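Down below is the structure, laid out as structure tokens.
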Amino acid sequence: MPRASLDKDPHDVAVMFDAVAARYDRTNDVLSLGQDRAWRRATIKAVDAQPGQTVLDLAAGTGTSSEPMADAGVRVVACDLSVGMLEVGKRRRPDLAFVAGDALHLPFADESFDAVTMSFGLRNVSDVESALDELYRVTKPGGRLVVCEFSRPTFAPFRTVYTNYLMRALPPVARAVSKEPDAYVYLAESIREWPDQAALGQLIKGTGWTQVAFRNLTGGIVALHRATRPA
């Protein structure tokens, strides 16, 4: 399987995620020590979608974040670049709307969604600002953006331990639990190169979003950014 490079060519990223789709959710649970479930709950709470509203869950993967929103009466569209991931999700939840789409060219009309959210996917696009522009375009005025993404631990000694885990421990653990460990080498490299919390906040603000704020989860391993499209 070709491993995506940090150039993040969409075809290479899609092929990589297609290859890990069948075991993706279980592998993430192991590698995050179960923290991914708490991150998902925090993201859904931040989206704060109400019954009858329409939400775009971009980089939805197999739909693990889409399911709770749909069960609460929200009209949710699960969109992802990887058809393999969407197929796994569709087999589990045939009632959900799964749509293949590129974050840089979303297949939706302007102002279609009350809220848009993207978990652990913005880091995988080649042009972050263009993706944020696209999310802005498809969000209704007054609508919300929630981005959940890996970030920079705030406590310096822990940050060193975490970086060592990413680059040294994560690949062997991935080899033990995944048939495609190279994908998780890319994961470690992409996290290390990703901007910190404040820098991502500035990127979001620079594309027109307002009321930009973030909070750290698990000591800053993950950051939850929120913003609003001006009414």
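Simple scheme: letters A, B, ... for chains in structure tokens order, numbers from 1 for residues in each chain, numbers from 1 for ligands in the order shown.
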Item to complete: Find the spatial neighbours of Glu111 of chain A, counting only C-alpha atoms, within a cut-off of 6 Å - ignore same-chain residues fewer than 3 positions away - and output them as a VMD selection string.
Response: chain A and resid 138 to 140
Practice prompt. Extract, using only C-alpha atoms, all DNA, RNA and protein residues at most 9 Å from segment 49-58 of chain A, discarding same-chain residues fewer than 3 positions from it, and format them as a ChimeraX atom specification.
Written response: /A:44-46,61,63,65-66,69-70,72-81,101,103,112-119,121,135,138-139
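Of the listed residues (A:Gly143, A:Glu87, A:Pro94, A:Ser126), A:Gly143 comes nearest to Thr210 of chain A; the distances count only C-alpha atoms.
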So which residues of segment 27-60 of chain A fall under helix (DSSP H, G or I) by DSSP, listed as a PDB file with all heavy atoms, in the first residue's frame?
```pdb
ATOM      1  N   THR A  27      -8.430   0.048  15.664  1.00  0.00           N
ATOM      2  CA  THR A  27      -7.029   0.446  15.807  1.00  0.00           C
ATOM      3  C   THR A  27      -6.911   1.792  16.502  1.00  0.00           C
ATOM      4  O   THR A  27      -6.065   1.988  17.383  1.00  0.00           O
ATOM      5  CB  THR A  27      -6.343   0.496  14.430  1.00  0.00           C
ATOM      6  OG1 THR A  27      -6.441  -0.784  13.808  1.00  0.00           O
ATOM      7  CG2 THR A  27      -4.876   0.875  14.566  1.00  0.00           C
ATOM      8  N   ASN A  28      -7.767   2.744  16.137  1.00  0.00           N
ATOM      9  CA  ASN A  28      -7.746   4.056  16.787  1.00  0.00           C
ATOM     10  C   ASN A  28      -8.022   3.944  18.279  1.00  0.00           C
ATOM     11  O   ASN A  28      -7.425   4.663  19.098  1.00  0.00           O
ATOM     12  CB  ASN A  28      -8.781   4.984  16.150  1.00  0.00           C
ATOM     13  CG  ASN A  28      -8.263   5.604  14.875  1.00  0.00           C
ATOM     14  OD1 ASN A  28      -7.109   5.457  14.517  1.00  0.00           O
ATOM     15  ND2 ASN A  28      -9.133   6.297  14.172  1.00  0.00           N
ATOM     16  N   ASP A  29      -8.935   3.059  18.633  1.00  0.00           N
ATOM     17  CA  ASP A  29      -9.262   2.864  20.041  1.00  0.00           C
ATOM     18  C   ASP A  29      -8.037   2.380  20.821  1.00  0.00           C
ATOM     19  O   ASP A  29      -7.769   2.840  21.934  1.00  0.00           O
ATOM     20  CB  ASP A  29     -10.404   1.853  20.158  1.00  0.00           C
ATOM     21  CG  ASP A  29     -11.235   2.056  21.403  1.00  0.00           C
ATOM     22  OD1 ASP A  29     -11.277   3.188  21.916  1.00  0.00           O
ATOM     23  OD2 ASP A  29     -11.840   1.083  21.868  1.00  0.00           O
ATOM     24  N   VAL A  30      -7.289   1.478  20.214  1.00  0.00           N
ATOM     25  CA  VAL A  30      -6.087   0.951  20.868  1.00  0.00           C
ATOM     26  C   VAL A  30      -5.012   2.019  20.971  1.00  0.00           C
ATOM     27  O   VAL A  30      -4.429   2.255  22.039  1.00  0.00           O
ATOM     28  CB  VAL A  30      -5.549  -0.278  20.102  1.00  0.00           C
ATOM     29  CG1 VAL A  30      -4.189  -0.698  20.653  1.00  0.00           C
ATOM     30  CG2 VAL A  30      -6.534  -1.438  20.191  1.00  0.00           C
ATOM     31  N   LEU A  31      -4.734   2.695  19.861  1.00  0.00           N
ATOM     32  CA  LEU A  31      -3.629   3.662  19.831  1.00  0.00           C
ATOM     33  C   LEU A  31      -3.897   4.876  20.713  1.00  0.00           C
ATOM     34  O   LEU A  31      -2.962   5.482  21.240  1.00  0.00           O
ATOM     35  CB  LEU A  31      -3.370   4.107  18.388  1.00  0.00           C
ATOM     36  CG  LEU A  31      -2.861   3.028  17.438  1.00  0.00           C
ATOM     37  CD1 LEU A  31      -2.678   3.591  16.039  1.00  0.00           C
ATOM     38  CD2 LEU A  31      -1.553   2.424  17.931  1.00  0.00           C
ATOM     39  N   GLN A  35      -9.170   7.134  24.355  1.00  0.00           N
ATOM     40  CA  GLN A  35      -9.481   8.563  24.472  1.00  0.00           C
ATOM     41  C   GLN A  35     -10.293   9.078  23.283  1.00  0.00           C
ATOM     42  O   GLN A  35     -10.975  10.101  23.395  1.00  0.00           O
ATOM     43  CB  GLN A  35      -8.191   9.370  24.595  1.00  0.00           C
ATOM     44  CG  GLN A  35      -7.489   9.230  25.927  1.00  0.00           C
ATOM     45  CD  GLN A  35      -8.352   9.738  27.073  1.00  0.00           C
ATOM     46  OE1 GLN A  35      -8.746  10.893  27.092  1.00  0.00           O
ATOM     47  NE2 GLN A  35      -8.660   8.872  28.023  1.00  0.00           N
ATOM     48  N   ASP A  36     -10.215   8.387  22.146  1.00  0.00           N
ATOM     49  CA  ASP A  36     -10.942   8.860  20.967  1.00  0.00           C
ATOM     50  C   ASP A  36     -12.446   8.931  21.221  1.00  0.00           C
ATOM     51  O   ASP A  36     -13.140   9.770  20.651  1.00  0.00           O
ATOM     52  CB  ASP A  36     -10.638   7.981  19.745  1.00  0.00           C
ATOM     53  CG  ASP A  36     -11.002   6.524  19.960  1.00  0.00           C
ATOM     54  OD1 ASP A  36     -10.692   5.984  21.045  1.00  0.00           O
ATOM     55  OD2 ASP A  36     -11.580   5.916  19.043  1.00  0.00           O
ATOM     56  N   ARG A  37     -12.947   8.092  22.108  1.00  0.00           N
ATOM     57  CA  ARG A  37     -14.385   8.124  22.415  1.00  0.00           C
ATOM     58  C   ARG A  37     -14.750   9.423  23.136  1.00  0.00           C
ATOM     59  O   ARG A  37     -15.784  10.041  22.852  1.00  0.00           O
ATOM     60  CB  ARG A  37     -14.762   6.924  23.277  1.00  0.00           C
ATOM     61  CG  ARG A  37     -14.461   5.584  22.629  1.00  0.00           C
ATOM     62  CD  ARG A  37     -14.824   4.446  23.539  1.00  0.00           C
ATOM     63  NE  ARG A  37     -14.321   3.167  23.040  1.00  0.00           N
ATOM     64  CZ  ARG A  37     -14.557   1.999  23.614  1.00  0.00           C
ATOM     65  NH1 ARG A  37     -15.294   1.953  24.717  1.00  0.00           N
ATOM     66  NH2 ARG A  37     -14.057   0.890  23.109  1.00  0.00           N
ATOM     67  N   ALA A  38     -13.900   9.829  24.086  1.00  0.00           N
ATOM     68  CA  ALA A  38     -14.148  11.091  24.806  1.00  0.00           C
ATOM     69  C   ALA A  38     -14.023  12.282  23.873  1.00  0.00           C
ATOM     70  O   ALA A  38     -14.802  13.245  23.965  1.00  0.00           O
ATOM     71  CB  ALA A  38     -13.174  11.218  25.973  1.00  0.00           C
ATOM     72  N   TRP A  39     -13.056  12.236  22.955  1.00  0.00           N
ATOM     73  CA  TRP A  39     -12.890  13.328  21.997  1.00  0.00           C
ATOM     74  C   TRP A  39     -14.123  13.442  21.108  1.00  0.00           C
ATOM     75  O   TRP A  39     -14.576  14.538  20.784  1.00  0.00           O
ATOM     76  CB  TRP A  39     -11.641  13.095  21.151  1.00  0.00           C
ATOM     77  CG  TRP A  39     -10.367  13.019  21.943  1.00  0.00           C
ATOM     78  CD1 TRP A  39     -10.127  13.579  23.177  1.00  0.00           C
ATOM     79  CD2 TRP A  39      -9.167  12.343  21.572  1.00  0.00           C
ATOM     80  NE1 TRP A  39      -8.845  13.290  23.579  1.00  0.00           N
ATOM     81  CE2 TRP A  39      -8.231  12.531  22.619  1.00  0.00           C
ATOM     82  CE3 TRP A  39      -8.784  11.597  20.462  1.00  0.00           C
ATOM     83  CZ2 TRP A  39      -6.942  11.996  22.576  1.00  0.00           C
ATOM     84  CZ3 TRP A  39      -7.505  11.062  20.412  1.00  0.00           C
ATOM     85  CH2 TRP A  39      -6.594  11.270  21.466  1.00  0.00           C
ATOM     86  N   ARG A  40     -14.663  12.294  20.723  1.00  0.00           N
ATOM     87  CA  ARG A  40     -15.842  12.298  19.865  1.00  0.00           C
ATOM     88  C   ARG A  40     -17.041  12.903  20.605  1.00  0.00           C
ATOM     89  O   ARG A  40     -17.798  13.697  20.039  1.00  0.00           O
ATOM     90  CB  ARG A  40     -16.153  10.868  19.415  1.00  0.00           C
ATOM     91  CG  ARG A  40     -17.158  10.752  18.287  1.00  0.00           C
ATOM     92  CD  ARG A  40     -17.370   9.301  17.890  1.00  0.00           C
ATOM     93  NE  ARG A  40     -16.112   8.642  17.614  1.00  0.00           N
ATOM     94  CZ  ARG A  40     -15.714   7.513  18.180  1.00  0.00           C
ATOM     95  NH1 ARG A  40     -16.485   6.887  19.054  1.00  0.00           N
ATOM     96  NH2 ARG A  40     -14.550   6.981  17.860  1.00  0.00           N
ATOM     97  N   ARG A  41     -17.213  12.525  21.862  1.00  0.00           N
ATOM     98  CA  ARG A  41     -18.327  13.078  22.645  1.00  0.00           C
ATOM     99  C   ARG A  41     -18.197  14.589  22.800  1.00  0.00           C
ATOM    100  O   ARG A  41     -19.186  15.325  22.692  1.00  0.00           O
ATOM    101  CB  ARG A  41     -18.386  12.405  24.024  1.00  0.00           C
ATOM    102  CG  ARG A  41     -18.860  10.958  23.997  1.00  0.00           C
ATOM    103  CD  ARG A  41     -19.208  10.481  25.387  1.00  0.00           C
ATOM    104  NE  ARG A  41     -18.059  10.494  26.293  1.00  0.00           N
ATOM    105  CZ  ARG A  41     -17.227   9.464  26.469  1.00  0.00           C
ATOM    106  NH1 ARG A  41     -17.429   8.332  25.796  1.00  0.00           N
ATOM    107  NH2 ARG A  41     -16.214   9.543  27.309  1.00  0.00           N
ATOM    108  N   ALA A  42     -16.975  15.055  23.043  1.00  0.00           N
ATOM    109  CA  ALA A  42     -16.760  16.498  23.200  1.00  0.00           C
ATOM    110  C   ALA A  42     -17.067  17.239  21.906  1.00  0.00           C
ATOM    111  O   ALA A  42     -17.624  18.347  21.934  1.00  0.00           O
ATOM    112  CB  ALA A  42     -15.324  16.758  23.635  1.00  0.00           C
ATOM    113  N   THR A  43     -16.720  16.644  20.777  1.00  0.00           N
ATOM    114  CA  THR A  43     -16.984  17.273  19.482  1.00  0.00           C
ATOM    115  C   THR A  43     -18.483  17.389  19.228  1.00  0.00           C
ATOM    116  O   THR A  43     -18.984  18.448  18.823  1.00  0.00           O
ATOM    117  CB  THR A  43     -16.324  16.461  18.359  1.00  0.00           C
ATOM    118  OG1 THR A  43     -14.916  16.395  18.587  1.00  0.00           O
ATOM    119  CG2 THR A  43     -16.582  17.089  16.999  1.00  0.00           C
ATOM    120  N   ILE A  44     -19.209  16.315  19.481  1.00  0.00           N
ATOM    121  CA  ILE A  44     -20.657  16.323  19.261  1.00  0.00           C
ATOM    122  C   ILE A  44     -21.328  17.349  20.162  1.00  0.00           C
ATOM    123  O   ILE A  44     -22.243  18.080  19.742  1.00  0.00           O
ATOM    124  CB  ILE A  44     -21.230  14.911  19.491  1.00  0.00           C
ATOM    125  CG1 ILE A  44     -20.701  13.959  18.402  1.00  0.00           C
ATOM    126  CG2 ILE A  44     -22.751  14.936  19.497  1.00  0.00           C
ATOM    127  CD1 ILE A  44     -20.971  12.504  18.681  1.00  0.00           C
ATOM    128  N   LYS A  45     -20.853  17.439  21.397  1.00  0.00           N
ATOM    129  CA  LYS A  45     -21.410  18.430  22.321  1.00  0.00           C
ATOM    130  C   LYS A  45     -21.142  19.854  21.826  1.00  0.00           C
ATOM    131  O   LYS A  45     -22.003  20.730  21.912  1.00  0.00           O
ATOM    132  CB  LYS A  45     -20.811  18.241  23.712  1.00  0.00           C
ATOM    133  CG  LYS A  45     -21.407  19.152  24.768  1.00  0.00           C
ATOM    134  CD  LYS A  45     -20.840  18.846  26.145  1.00  0.00           C
ATOM    135  CE  LYS A  45     -21.448  19.764  27.203  1.00  0.00           C
ATOM    136  NZ  LYS A  45     -20.896  19.473  28.565  1.00  0.00           N
ATOM    137  N   ALA A  46     -19.944  20.090  21.273  1.00  0.00           N
ATOM    138  CA  ALA A  46     -19.603  21.423  20.767  1.00  0.00           C
ATOM    139  C   ALA A  46     -20.427  21.787  19.535  1.00  0.00           C
ATOM    140  O   ALA A  46     -20.801  22.950  19.346  1.00  0.00           O
ATOM    141  CB  ALA A  46     -18.114  21.492  20.445  1.00  0.00           C
ATOM    142  N   VAL A  47     -20.706  20.811  18.677  1.00  0.00           N
ATOM    143  CA  VAL A  47     -21.549  21.075  17.500  1.00  0.00           C
ATOM    144  C   VAL A  47     -22.943  21.524  17.943  1.00  0.00           C
ATOM    145  O   VAL A  47     -23.545  22.417  17.342  1.00  0.00           O
ATOM    146  CB  VAL A  47     -21.631  19.816  16.608  1.00  0.00           C
ATOM    147  CG1 VAL A  47     -22.653  20.019  15.481  1.00  0.00           C
ATOM    148  CG2 VAL A  47     -20.269  19.485  16.019  1.00  0.00           C
TER     149      VAL A  47
END
```
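Each of A:Val161, A:Val125, A:Leu33, A:Leu106 was compared to Asp7 of chain A using only C-alpha atoms, and A:Val125 turns out to be the nearest.
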Discussion item. Between atom CA of Thr207 of chain A and atom CA of Val13 of chain A, what is the distance in Å, rounded to a tenth?
Written reply: 24.1 Å
Practice prompt. Kindly give the distance, in Å, that separates atom CA of His105 of chain A and atom CA of Tyr136 of chain A, rounded to a single decimal.
Written response: 12.2 Å
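Remark: for Trp209 of chain A, the closest of the candidate residues A:Leu132, A:Val185, A:Ser151, A:Ile191 is A:Leu132 (distances computed over only C-alpha atoms).
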Discussion item. What's the separation between atom CA of Ala213 of chain A and atom CA of Arg152 of chain A, in Å to one decimal place?
Written reply: 15.6 Å
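Summary of the local environment: counting only C-alpha atoms, residues at most 6 Å from Gly219 of chain A, other than itself and those fewer than 2 positions away along its chain, are Pro153, Leu217 and Ile221 of chain A.
When only C-alpha atoms are used to measure the gap to Thr218 of chain A, the shortest distance among A:Phe120, A:Phe155, A:Trp194, A:Tyr184 belongs to A:Phe155.
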Response to the item:
One residue among A:Ala109, A:Val88, A:Val147, A:Ala100 is nearest to Leu122 of chain A when using only C-alpha atoms, and that residue is A:Val147
